[in-house]
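Enquirer: File name data-v4.txt; file contents compact mmCIF, C-alpha atoms; full text below.
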```txt
# COMPACT_ATOMS: atom_id res chain seq x y z
CA MET A 28 55.28 116.75 -58.10
CA ARG A 29 56.56 114.55 -60.92
CA PRO A 30 54.38 113.32 -63.70
CA ALA A 31 53.66 109.62 -63.83
CA GLY A 32 55.61 109.25 -67.01
CA ASP A 33 58.86 110.17 -65.27
CA PHE A 34 58.44 107.34 -62.77
CA VAL A 35 57.81 104.85 -65.53
CA SER A 36 60.82 106.09 -67.42
CA GLU A 37 63.01 105.61 -64.33
CA ILE A 38 61.85 102.03 -63.91
CA GLY A 39 62.64 101.40 -67.54
CA LYS A 40 66.24 102.59 -67.08
CA GLY A 41 67.22 99.46 -65.30
CA GLY A 42 67.69 98.25 -61.76
CA ALA A 43 69.57 101.32 -60.54
CA THR A 44 66.61 102.68 -58.62
CA ALA A 45 65.76 99.28 -57.22
CA ASP A 46 69.29 98.99 -55.85
CA GLN A 47 69.06 102.47 -54.41
CA GLU A 48 65.71 101.65 -52.80
CA ARG A 49 67.10 98.40 -51.42
CA THR A 50 70.13 100.12 -49.93
CA ALA A 51 67.91 102.84 -48.51
CA SER A 52 65.68 100.21 -46.91
CA GLU A 53 68.74 98.36 -45.59
CA LYS A 54 69.97 101.62 -44.12
CA LEU A 55 66.60 102.18 -42.50
CA VAL A 56 66.56 98.64 -41.06
CA ASN A 57 70.12 99.07 -39.82
CA SER A 58 69.18 102.41 -38.31
CA VAL A 59 66.16 100.90 -36.54
CA ALA A 60 68.28 97.96 -35.33
CA LEU A 61 70.95 100.32 -34.01
CA THR A 62 68.34 102.47 -32.30
CA LEU A 63 66.79 99.39 -30.71
CA PHE A 64 70.23 98.16 -29.61
CA ALA A 65 71.04 101.59 -28.15
CA ARG A 66 67.79 101.65 -26.20
CA VAL A 67 68.38 98.15 -24.84
CA ALA A 68 71.89 99.23 -23.82
CA MET A 69 70.45 102.28 -22.03
CA VAL A 70 67.95 100.12 -20.18
CA ILE A 71 70.72 97.73 -19.13
CA ALA A 72 72.92 100.63 -18.06
CA THR A 73 70.11 102.16 -16.08
CA GLY A 74 69.06 98.86 -14.54
CA LEU A 75 72.48 97.46 -13.66
CA ILE A 76 75.22 100.04 -13.85
CA LEU A 77 73.39 102.95 -12.24
CA PRO A 78 72.58 101.04 -9.02
CA ALA A 79 76.17 99.82 -8.84
CA ALA A 80 77.44 103.37 -9.29
CA LEU A 81 75.04 104.64 -6.61
CA TRP A 82 76.18 101.87 -4.26
CA MET A 83 79.83 102.79 -4.83
CA GLY A 84 79.04 106.48 -4.28
CA ASN A 85 77.21 105.63 -1.06
CA ARG A 86 80.22 103.62 0.15
CA GLY A 87 82.47 106.56 -0.67
CA VAL A 88 80.27 108.93 1.33
CA SER A 89 80.15 106.53 4.30
CA THR A 90 83.95 106.19 4.19
CA ILE A 91 84.30 109.97 4.21
CA ASP A 92 81.89 110.13 7.17
CA GLU A 93 83.99 107.57 9.08
CA ILE A 94 87.17 109.51 8.39
CA SER A 95 85.44 112.71 9.52
CA ARG A 96 84.33 111.07 12.76
CA LYS A 97 87.85 109.79 13.43
CA LEU A 98 89.31 113.22 12.75
CA ASP A 99 86.77 114.79 15.11
CA THR A 100 87.72 112.29 17.81
CA MET A 101 91.40 113.01 17.24
CA ASN A 102 90.72 116.74 17.40
CA VAL A 103 88.86 116.38 20.70
CA GLY A 104 91.72 114.24 22.02
CA GLN A 105 94.25 116.87 20.98
CA VAL A 106 92.24 119.60 22.69
CA GLU A 107 92.06 117.52 25.88
CA HIS A 108 95.77 116.74 25.61
CA ALA A 109 96.57 120.44 25.14
CA ALA A 110 94.46 121.27 28.23
CA GLU A 111 96.35 118.64 30.24
CA ILE A 112 99.67 120.08 29.07
CA ARG A 113 98.57 123.59 30.10
CA ALA A 114 97.49 122.28 33.50
CA LEU A 115 100.85 120.54 33.94
CA ARG A 116 102.67 123.74 32.96
CA VAL A 117 100.68 125.74 35.50
CA GLU A 118 101.39 123.12 38.15
CA SER A 119 105.07 123.05 37.20
CA THR A 120 105.26 126.83 37.38
CA ALA A 121 103.59 126.78 40.79
CA GLN A 122 106.02 124.11 42.02
CA GLN A 123 108.98 126.08 40.68
CA LYS A 124 107.71 129.16 42.51
CA ILE A 125 107.29 127.22 45.75
CA LEU A 126 110.79 125.76 45.36
CA ALA A 127 112.27 129.20 44.66
CA ASP A 128 110.49 130.64 47.74
CA HIS A 129 111.76 127.75 49.86
CA GLU A 130 115.32 128.21 48.63
CA ALA A 131 115.07 131.95 49.37
CA ARG A 132 113.88 131.22 52.93
CA VAL A 133 116.66 128.67 53.45
CA ARG A 134 119.27 131.19 52.29
CA LEU A 135 117.75 133.85 54.50
CA LEU A 136 117.81 131.50 57.51
CA GLU A 137 121.38 130.46 56.72
CA ALA A 138 122.39 134.11 56.49
CA GLN A 139 120.71 134.86 59.81
CA GLN A 140 122.43 131.91 61.42
CA ARG A 141 125.85 133.07 60.25
CA VAL A 142 125.27 136.47 61.71
CA ALA A 143 123.98 135.08 64.99
CA THR A 144 126.83 132.67 65.62
CA PRO A 145 130.23 134.25 65.77
CA ILE A 146 132.91 132.45 63.98
CA GLY A 147 135.35 131.07 66.52
CA ARG A 148 139.03 131.56 65.96
CA PRO A 149 141.36 128.80 66.87
```
What is this structure when it is put down as structure tokens?
Expert:
Amino acid sequence: MRPAGDFVSEIGKGGATADQERTASEKLVNSVALTLFARVAMVIATGLILPAALWMGNRGVSTIDEISRKLDTMNVGQVEHAAEIRALRVESTAQQKILADHEARVRLLEAQQRVATPIGRP
């Protein structure tokens, strides 16, 4: 702790300490004003910007959900389409087999007919 005489001697030196005290008080006032401004800005950001950001995020999630639903529908459609293609392939294979069997029978009947009817000579 300083003796009282030191304080008096500092005051007697001139206005240097008064200027320092004034600048210190101005700094303190500026600091309080900046703190107050920062808090008001945080309240505004929380009150206005945060709900807007949440709304935009919610829209983004709903858009992703819509895209997901559309992709699911497309996937189901592709599965159904693939099943239809398989069914058509099976049907086509069965028809090809029936046609091949029919052609074999026709050839067999034609061969039997050639053997049964003698070829006439002119």
Enquirer: I'd like the interatomic distance between CA of Asp128 in chain A and CA of Leu115 in chain A, to a tenth of an Å.
Expert: 19.6 Å
Enquirer: For CA of Phe64 in chain A and CA of Thr44 in chain A, determine how far apart the two atoms are, in Å to one decimal place.
Expert: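 About the pair CA of Phe64 in chain A and CA of Thr44 in chain A: they are 29.6 Å apart.
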Enquirer: Can you measure CA of Ala79 in chain A to CA of Ala60 in chain A for me? One decimal in Å is fine.
Expert: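 Taking CA of Ala79 in chain A and CA of Ala60 in chain A, their separation equals 27.7 Å.
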